[in-house]
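Shown here: entry.cif, mmCIF, C-alpha atoms and all ligand atoms.
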data_data
#
loop_
_atom_site.label_atom_id
_atom_site.label_comp_id
_atom_site.auth_asym_id
_atom_site.auth_seq_id
_atom_site.Cartn_x
_atom_site.Cartn_y
_atom_site.Cartn_z
CA MET E 1 0.00 0.00 0.00
CA GLU E 2 1.49 3.34 -1.12
CA THR E 3 1.73 5.94 1.64
CA ARG E 4 3.38 8.79 -0.26
CA LYS E 5 1.41 11.51 -2.01
CA VAL E 6 1.94 11.94 -5.77
CA LEU E 7 0.75 15.17 -7.40
CA LEU E 8 0.88 15.85 -11.16
CA PHE E 9 1.33 19.41 -12.48
CA MET E 10 0.29 19.61 -16.14
CA GLY E 11 -0.39 22.42 -18.60
CA PRO E 12 0.66 23.89 -21.93
CA GLN E 13 4.15 25.28 -22.42
CA GLY E 14 4.63 28.42 -20.39
CA SER E 15 1.50 27.87 -18.27
CA GLY E 16 3.66 27.91 -15.13
CA LYS E 17 3.63 24.23 -14.15
CA GLY E 18 7.37 24.33 -13.34
CA THR E 19 7.09 27.63 -11.45
CA GLN E 20 4.10 26.44 -9.41
CA ALA E 21 5.59 22.98 -8.77
CA GLN E 22 8.69 24.63 -7.31
CA LEU E 23 6.64 26.92 -5.03
CA PHE E 24 4.43 24.10 -3.72
CA ALA E 25 7.38 21.70 -3.27
CA ARG E 26 9.43 24.26 -1.32
CA ARG E 27 6.52 25.05 1.00
CA HIS E 28 5.41 21.51 1.66
CA GLY E 29 8.56 19.39 1.35
CA TYR E 30 7.78 17.53 -1.88
CA ARG E 31 10.45 16.27 -4.28
CA ILE E 32 9.95 17.36 -7.89
CA LEU E 33 10.64 15.10 -10.84
CA SER E 34 10.51 17.30 -13.97
CA THR E 35 10.81 15.22 -17.12
CA GLY E 36 12.00 18.31 -19.05
CA ASP E 37 14.83 18.94 -16.52
CA ILE E 38 15.76 15.23 -16.47
CA LEU E 39 15.93 15.15 -20.29
CA ARG E 40 17.97 18.38 -20.47
CA LYS E 41 20.57 16.73 -18.19
CA GLU E 42 20.51 13.52 -20.29
CA ALA E 43 20.98 15.62 -23.44
CA MET E 44 24.31 16.97 -22.13
CA LYS E 45 25.93 13.53 -21.80
CA GLY E 46 27.55 13.46 -25.26
CA THR E 47 26.20 10.01 -26.29
CA GLU E 48 24.29 9.19 -29.48
CA LEU E 49 21.09 8.93 -27.44
CA ALA E 50 21.83 12.36 -25.95
CA THR E 51 22.10 13.85 -29.45
CA GLN E 52 18.75 12.33 -30.45
CA ILE E 53 17.07 13.66 -27.29
CA SER E 54 18.60 17.08 -27.78
CA ASN E 55 17.48 17.32 -31.44
CA THR E 56 13.89 16.29 -30.60
CA MET E 57 13.65 18.75 -27.69
CA ASN E 58 15.17 21.66 -29.61
CA GLU E 59 12.58 21.20 -32.37
CA GLY E 60 9.79 21.11 -29.77
CA GLY E 61 8.84 17.45 -30.42
CA LEU E 62 7.96 14.77 -27.86
CA ILE E 63 10.39 12.06 -26.73
CA SER E 64 8.90 8.58 -27.37
CA ASP E 65 6.55 7.18 -24.71
CA GLU E 66 8.81 4.14 -24.22
CA LEU E 67 11.99 6.13 -23.64
CA ILE E 68 10.56 8.81 -21.37
CA PHE E 69 8.70 6.23 -19.25
CA LYS E 70 11.87 4.15 -18.83
CA VAL E 71 13.84 7.23 -17.75
CA LEU E 72 11.13 8.38 -15.32
CA ARG E 73 10.62 4.91 -13.85
CA ASN E 74 14.36 4.64 -13.12
CA HIS E 75 14.22 7.95 -11.24
CA ILE E 76 11.10 6.92 -9.29
CA ASN E 77 12.69 3.58 -8.31
CA GLU E 78 15.73 5.36 -6.87
CA LEU E 79 13.59 7.33 -4.38
CA PRO E 80 12.37 6.22 -0.94
CA LYS E 81 8.76 5.02 -1.24
CA THR E 82 7.74 7.38 1.58
CA GLU E 83 8.87 10.60 -0.16
CA ASN E 84 6.05 12.80 -1.45
CA LEU E 85 6.42 13.60 -5.15
CA ILE E 86 5.38 16.18 -7.72
CA LEU E 87 5.70 15.15 -11.37
CA ASP E 88 6.14 18.22 -13.60
CA GLY E 89 5.41 17.57 -17.29
CA PHE E 90 4.44 13.91 -17.14
CA PRO E 91 2.21 12.40 -18.51
CA ARG E 92 1.69 14.10 -21.89
CA THR E 93 -0.07 11.27 -23.73
CA GLU E 94 -2.79 8.85 -22.68
CA LYS E 95 -0.31 6.00 -23.03
CA GLN E 96 2.02 7.69 -20.53
CA ALA E 97 -0.90 8.08 -18.10
CA VAL E 98 -1.65 4.37 -18.33
CA GLN E 99 2.06 3.49 -17.93
CA LEU E 100 2.27 5.71 -14.84
CA ASP E 101 -0.69 3.92 -13.20
CA SER E 102 1.31 0.69 -13.46
CA VAL E 103 4.11 1.98 -11.19
CA ILE E 104 2.64 4.56 -8.83
CA ASP E 105 -0.68 5.67 -7.27
CA VAL E 106 -1.46 9.21 -8.43
CA THR E 107 -3.10 11.21 -5.63
CA CYS E 108 -4.29 14.28 -7.51
CA THR E 109 -3.61 16.28 -10.71
CA ILE E 110 -3.54 20.01 -11.44
CA TYR E 111 -4.00 21.27 -15.01
CA ILE E 112 -3.10 24.94 -15.61
CA LEU E 113 -4.91 26.61 -18.54
CA LEU E 114 -3.26 29.33 -20.68
CA SER E 115 -3.86 30.82 -24.13
CA VAL E 116 -1.31 30.23 -26.91
CA GLU E 117 -0.46 33.93 -27.28
CA GLU E 118 0.16 34.41 -23.55
CA ALA E 119 2.32 31.25 -23.50
CA VAL E 120 4.47 32.46 -26.41
CA GLN E 121 4.93 35.86 -24.76
CA ARG E 122 5.93 34.40 -21.38
CA ILE E 123 8.43 32.02 -22.87
CA SER E 124 10.22 34.82 -24.71
CA GLY E 125 11.17 36.28 -21.29
CA ARG E 126 12.08 33.03 -19.52
CA VAL E 127 15.56 32.37 -18.10
CA GLN E 128 16.59 29.29 -16.11
CA CYS E 129 19.58 27.89 -14.18
CA PRO E 130 20.96 24.38 -14.95
CA GLU E 131 18.99 23.01 -11.96
CA GLY E 132 15.70 24.22 -13.48
CA HIS E 133 14.96 27.22 -11.19
CA THR E 134 12.94 29.51 -13.40
CA TYR E 135 12.60 33.30 -13.74
CA ASN E 136 11.11 35.77 -16.18
CA THR E 137 12.90 38.94 -17.22
CA ILE E 138 9.53 40.75 -17.22
CA SER E 139 7.20 39.14 -14.66
CA ALA E 140 9.56 37.39 -12.22
CA PRO E 141 13.16 38.66 -12.48
CA PRO E 142 15.98 37.30 -10.28
CA THR E 143 17.34 39.61 -7.55
CA GLU E 144 20.67 39.88 -9.38
CA LYS E 145 20.63 39.91 -13.21
CA ASP E 146 21.45 36.49 -14.77
CA ILE E 147 22.15 34.83 -11.36
CA CYS E 148 19.87 32.22 -9.73
CA ASP E 149 18.54 33.34 -6.30
CA VAL E 150 18.48 29.72 -5.07
CA ASP E 151 21.91 28.35 -6.00
CA GLY E 152 23.92 31.25 -7.52
CA LEU E 153 24.26 29.48 -10.90
CA THR E 154 24.18 31.43 -14.18
CA LEU E 155 20.77 31.88 -15.84
CA SER E 156 20.29 31.40 -19.57
CA GLN E 157 17.55 30.93 -22.16
CA ARG E 158 16.55 27.36 -23.10
CA LYS E 159 17.43 26.23 -26.65
CA ASP E 160 13.79 25.27 -27.31
CA ASP E 161 12.53 28.71 -26.22
CA ASN E 162 12.22 30.10 -29.73
CA GLU E 163 8.85 30.93 -31.26
CA ASP E 164 8.82 28.08 -33.84
CA ALA E 165 9.64 25.38 -31.29
CA VAL E 166 7.15 26.82 -28.78
CA ARG E 167 4.30 26.85 -31.31
CA HIS E 168 5.20 23.27 -32.31
CA ARG E 169 5.13 22.17 -28.61
CA LEU E 170 1.78 23.89 -28.12
CA ALA E 171 0.26 22.21 -31.21
CA ILE E 172 1.33 18.75 -29.97
CA HIS E 173 -0.02 19.54 -26.52
CA GLU E 174 -3.38 20.56 -27.98
CA LYS E 175 -3.62 17.25 -29.86
CA GLU E 176 -2.73 14.97 -26.93
CA ILE E 177 -4.04 16.60 -23.80
CA ALA E 178 -7.81 15.92 -24.03
CA ASN E 179 -7.29 12.17 -23.61
CA VAL E 180 -4.89 12.68 -20.70
CA LEU E 181 -7.37 14.94 -18.91
CA GLY E 182 -10.16 12.45 -19.67
CA HIS E 183 -8.09 9.73 -17.98
CA TYR E 184 -7.87 11.69 -14.69
CA ARG E 185 -11.42 13.10 -14.91
CA THR E 186 -12.73 9.54 -14.99
CA GLN E 187 -10.65 8.79 -11.88
CA GLN E 188 -12.02 12.00 -10.24
CA LYS E 189 -8.49 13.27 -9.65
CA LEU E 190 -8.46 16.40 -11.85
CA PHE E 191 -8.44 20.08 -10.83
CA THR E 192 -8.31 22.78 -13.53
CA ILE E 193 -6.77 26.18 -12.71
CA HIS E 194 -6.71 29.42 -14.73
CA GLY E 195 -3.06 30.35 -15.35
CA ASP E 196 -3.65 33.90 -16.63
CA ALA E 197 -3.26 35.61 -13.25
CA THR E 198 -0.13 36.62 -11.31
CA ILE E 199 2.21 33.89 -10.03
CA ASP E 200 1.00 34.57 -6.45
CA GLU E 201 -2.69 34.43 -7.40
CA VAL E 202 -2.26 31.15 -9.28
CA SER E 203 -0.28 29.78 -6.34
CA GLN E 204 -3.07 30.70 -3.90
CA GLU E 205 -5.62 28.87 -6.04
CA ILE E 206 -3.42 25.78 -6.17
CA GLU E 207 -2.88 25.92 -2.39
CA ALA E 208 -6.66 25.97 -1.90
CA LYS E 209 -7.23 22.98 -4.19
CA LEU E 210 -4.31 21.00 -2.75
CA ALA E 211 -4.89 21.90 0.92
CA PRO E 212 -5.58 18.24 1.84
CA TYR E 213 -2.12 17.31 0.52
CA ALA E 214 -0.10 20.11 2.19
CA ASN E 215 2.10 19.02 5.10
P1 LIG J 301 9.47 20.93 -20.38
O1 LIG J 301 10.74 21.42 -19.83
O2 LIG J 301 8.46 20.36 -19.47
O3 LIG J 301 8.86 22.12 -21.22
P2 LIG J 301 7.36 22.47 -21.61
O4 LIG J 301 6.38 21.39 -21.49
O5 LIG J 301 7.51 23.08 -22.94
O6 LIG J 301 6.91 23.46 -20.50
P3 LIG J 301 7.70 24.68 -20.04
O7 LIG J 301 8.77 24.25 -19.09
O8 LIG J 301 8.13 25.45 -21.26
O9 LIG J 301 6.57 25.55 -19.33
P4 LIG J 301 6.09 25.61 -17.81
O10 LIG J 301 4.63 25.34 -17.79
O11 LIG J 301 6.96 24.80 -16.90
O12 LIG J 301 6.27 27.15 -17.52
P5 LIG J 301 7.27 27.93 -16.51
O13 LIG J 301 6.90 27.64 -15.10
O14 LIG J 301 8.69 27.73 -16.93
O15 LIG J 301 9.76 19.87 -21.55
C1 LIG J 301 10.73 20.19 -22.53
C2 LIG J 301 10.75 19.12 -23.61
O16 LIG J 301 11.11 17.85 -23.04
C3 LIG J 301 9.41 18.83 -24.33
O17 LIG J 301 9.18 19.74 -25.38
C4 LIG J 301 9.68 17.40 -24.85
O18 LIG J 301 10.56 17.41 -25.95
C5 LIG J 301 10.42 16.78 -23.68
N1 LIG J 301 9.51 16.14 -22.70
C6 LIG J 301 9.31 16.54 -21.41
N2 LIG J 301 8.40 15.73 -20.81
C7 LIG J 301 8.03 14.81 -21.75
C8 LIG J 301 7.10 13.74 -21.75
N3 LIG J 301 6.35 13.46 -20.66
N4 LIG J 301 6.95 13.02 -22.88
C9 LIG J 301 7.69 13.29 -24.00
N5 LIG J 301 8.58 14.31 -24.07
C10 LIG J 301 8.75 15.06 -22.95
O19 LIG J 301 6.82 29.44 -16.85
C11 LIG J 301 7.11 30.02 -18.10
C12 LIG J 301 7.59 31.46 -17.93
O20 LIG J 301 6.51 32.27 -17.48
C13 LIG J 301 8.71 31.64 -16.86
O21 LIG J 301 9.57 32.66 -17.29
C14 LIG J 301 7.96 32.06 -15.58
O22 LIG J 301 8.75 32.87 -14.73
C15 LIG J 301 6.79 32.84 -16.17
N6 LIG J 301 5.53 32.69 -15.43
C16 LIG J 301 5.05 31.56 -14.81
N7 LIG J 301 3.84 31.80 -14.28
C17 LIG J 301 3.54 33.11 -14.57
C18 LIG J 301 2.41 33.95 -14.28
N8 LIG J 301 1.34 33.50 -13.58
N9 LIG J 301 2.43 35.24 -14.74
C19 LIG J 301 3.50 35.71 -15.45
N10 LIG J 301 4.61 34.96 -15.73
C20 LIG J 301 4.62 33.68 -15.31
MG MG J 302 8.74 23.70 -17.14
#
How does the structure come out when it is put into structure tokens?
Amino acid sequence: METRKVLLFMGPQGSGKGTQAQLFARRHGYRILSTGDILRKEAMKGTELATQISNTMNEGGLISDELIFKVLRNHINELPKTENLILDGFPRTEKQAVQLDSVIDVTCTIYILLSVEEAVQRISGRVQCPEGHTYNTISAPPTEKDICDVDGLTLSQRKDDNEDAVRHRLAIHEKEIANVLGHYRTQQKLFTIHGDATIDEVSQEIEAKLAPYAN
């Protein structure tokens, strides 16, 4: 019987799932597994597989269900079974949702809504450190320019944060997400949040929905 809580943060590119996952995790002692951050680290390894991953991500495509599930499952298996988890960016297809059910009990899911135009605008201002801590040069700047407040590492723009790749990511998301949401709606585990408010306002709404899972 699983005792840990497992929360999923989902949403289109730029909706703030990474930002909100980090805020909730810091407040309530959850560990975050972000498939995007995991893949960005894999992509730096210099192997043939790393080159394939890097090319797919830079074009804004999806990594295959088989590969991403294998990578995520390895990370989950390395963690103590009592540690509460947030998954940021997984699942993105119905098949991934079904695969996830075979290894872990999902407690609750949050889906953050955002329009395409707002997403494209936000992503043009995003900067990140290698550990995935995220800022925005317009709406959420770091205290010191180009330096991460959390770990002092240098901030930079992601390679896939160009308008073509972002629009490609958003189009894939649009195609796949209805079935993923249907999966969790049927299980009565889905909350939908409007992402077009300030970071603090969105965070307050998430805190209200997830109050039963806060420590
Ligand atoms: P991933 O890294 O997950 O990228 P993504 O899905 O494109 O989502 P983003 O990280 O771009 O957006 P976000 O919602 O986290 O927004 P953020 O909080 O940064 O995945 C990258 C790639 O990896 C994928 O394209 C794919 O190739 C691959 N991949 C990953 N998972 C996979 C899977 N399961 N299957 C297959 N392939 C997979 O916020 C955006 C910006 O807006 C920031 O600058 C932030 O400061 C700002 N901001 C946030 N909230 C607000 C607000 N309320 N108001 C104003 N600004 C805000
Ligand atoms: Mg993210």
**Asked** Which one of E:Met10, E:Val98, E:Leu79, E:Ile177 sits closest to ligand LIG 301 (chain J) if you count all atoms listed in the file?
**Response**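 Among the listed residues, the smallest separation from ligand LIG 301 (chain J) belongs to E:Met10.
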**Atomic separation - atom CA of His133 of chain E relative to atom CA of Tyr184 of chain E, Å** =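 Atom CA of Tyr184 of chain E sits 27.8 Å away from atom CA of His133 of chain E.
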**Expected selection as a list of chain:residue names for ligand MG 302 (chain J) within 10 Å, only C-alpha atoms and all ligand atoms** = E:Phe9, E:Met10, E:Gly11, E:Pro12, E:Gln13, E:Gly14, E:Ser15, E:Gly16, E:Lys17, E:Gly18, E:Thr19, E:Gln20, E:Ala21, E:Gln22, E:Ser34, E:Thr35, E:Gly36, E:Asp37, E:Asp88, E:Gly89, E:Gln128, E:Gly132, E:His133, E:Thr134
Restrict the selected residues to C-alpha atoms and save them as a PDB file, in the coordinates of the input.
ATOM      1  CA  PHE E   9       1.330  19.410 -12.480  1.00  0.00           C
ATOM      2  CA  MET E  10       0.290  19.610 -16.140  1.00  0.00           C
ATOM      3  CA  GLY E  11      -0.390  22.420 -18.600  1.00  0.00           C
ATOM      4  CA  PRO E  12       0.660  23.890 -21.930  1.00  0.00           C
ATOM      5  CA  GLN E  13       4.150  25.280 -22.420  1.00  0.00           C
ATOM      6  CA  GLY E  14       4.630  28.420 -20.390  1.00  0.00           C
ATOM      7  CA  SER E  15       1.500  27.870 -18.270  1.00  0.00           C
ATOM      8  CA  GLY E  16       3.660  27.910 -15.130  1.00  0.00           C
ATOM      9  CA  LYS E  17       3.630  24.230 -14.150  1.00  0.00           C
ATOM     10  CA  GLY E  18       7.370  24.330 -13.340  1.00  0.00           C
ATOM     11  CA  THR E  19       7.090  27.630 -11.450  1.00  0.00           C
ATOM     12  CA  GLN E  20       4.100  26.440  -9.410  1.00  0.00           C
ATOM     13  CA  ALA E  21       5.590  22.980  -8.770  1.00  0.00           C
ATOM     14  CA  GLN E  22       8.690  24.630  -7.310  1.00  0.00           C
ATOM     15  CA  SER E  34      10.510  17.300 -13.970  1.00  0.00           C
ATOM     16  CA  THR E  35      10.810  15.220 -17.120  1.00  0.00           C
ATOM     17  CA  GLY E  36      12.000  18.310 -19.050  1.00  0.00           C
ATOM     18  CA  ASP E  37      14.830  18.940 -16.520  1.00  0.00           C
ATOM     19  CA  ASP E  88       6.140  18.220 -13.600  1.00  0.00           C
ATOM     20  CA  GLY E  89       5.410  17.570 -17.290  1.00  0.00           C
ATOM     21  CA  GLN E 128      16.590  29.290 -16.110  1.00  0.00           C
ATOM     22  CA  GLY E 132      15.700  24.220 -13.480  1.00  0.00           C
ATOM     23  CA  HIS E 133      14.960  27.220 -11.190  1.00  0.00           C
ATOM     24  CA  THR E 134      12.940  29.510 -13.400  1.00  0.00           C
TER      25      THR E 134
END
Would you compute, for all listed atoms of ligand LIG 301 (chain J), the axis-aligned bounding box grown by 6 Å on each side, and then report its centre and edge lengths in Å rounded to one decimal, as lines of an AutoDock Vina configuration file?
center_x = 6.2
center_y = 24.4
center_z = -19.8
size_x = 21.8
size_y = 34.7
size_z = 24.4
**Request:** Tell me which of E:Gln99, E:Thr137, E:Gln188, E:Asn74 sits closest to ligand LIG 301 (chain J), counting all atoms listed in the file.
**Result:**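 Nearest candidate to ligand LIG 301 (chain J) out of E:Gln99, E:Thr137, E:Gln188, E:Asn74: E:Thr137.
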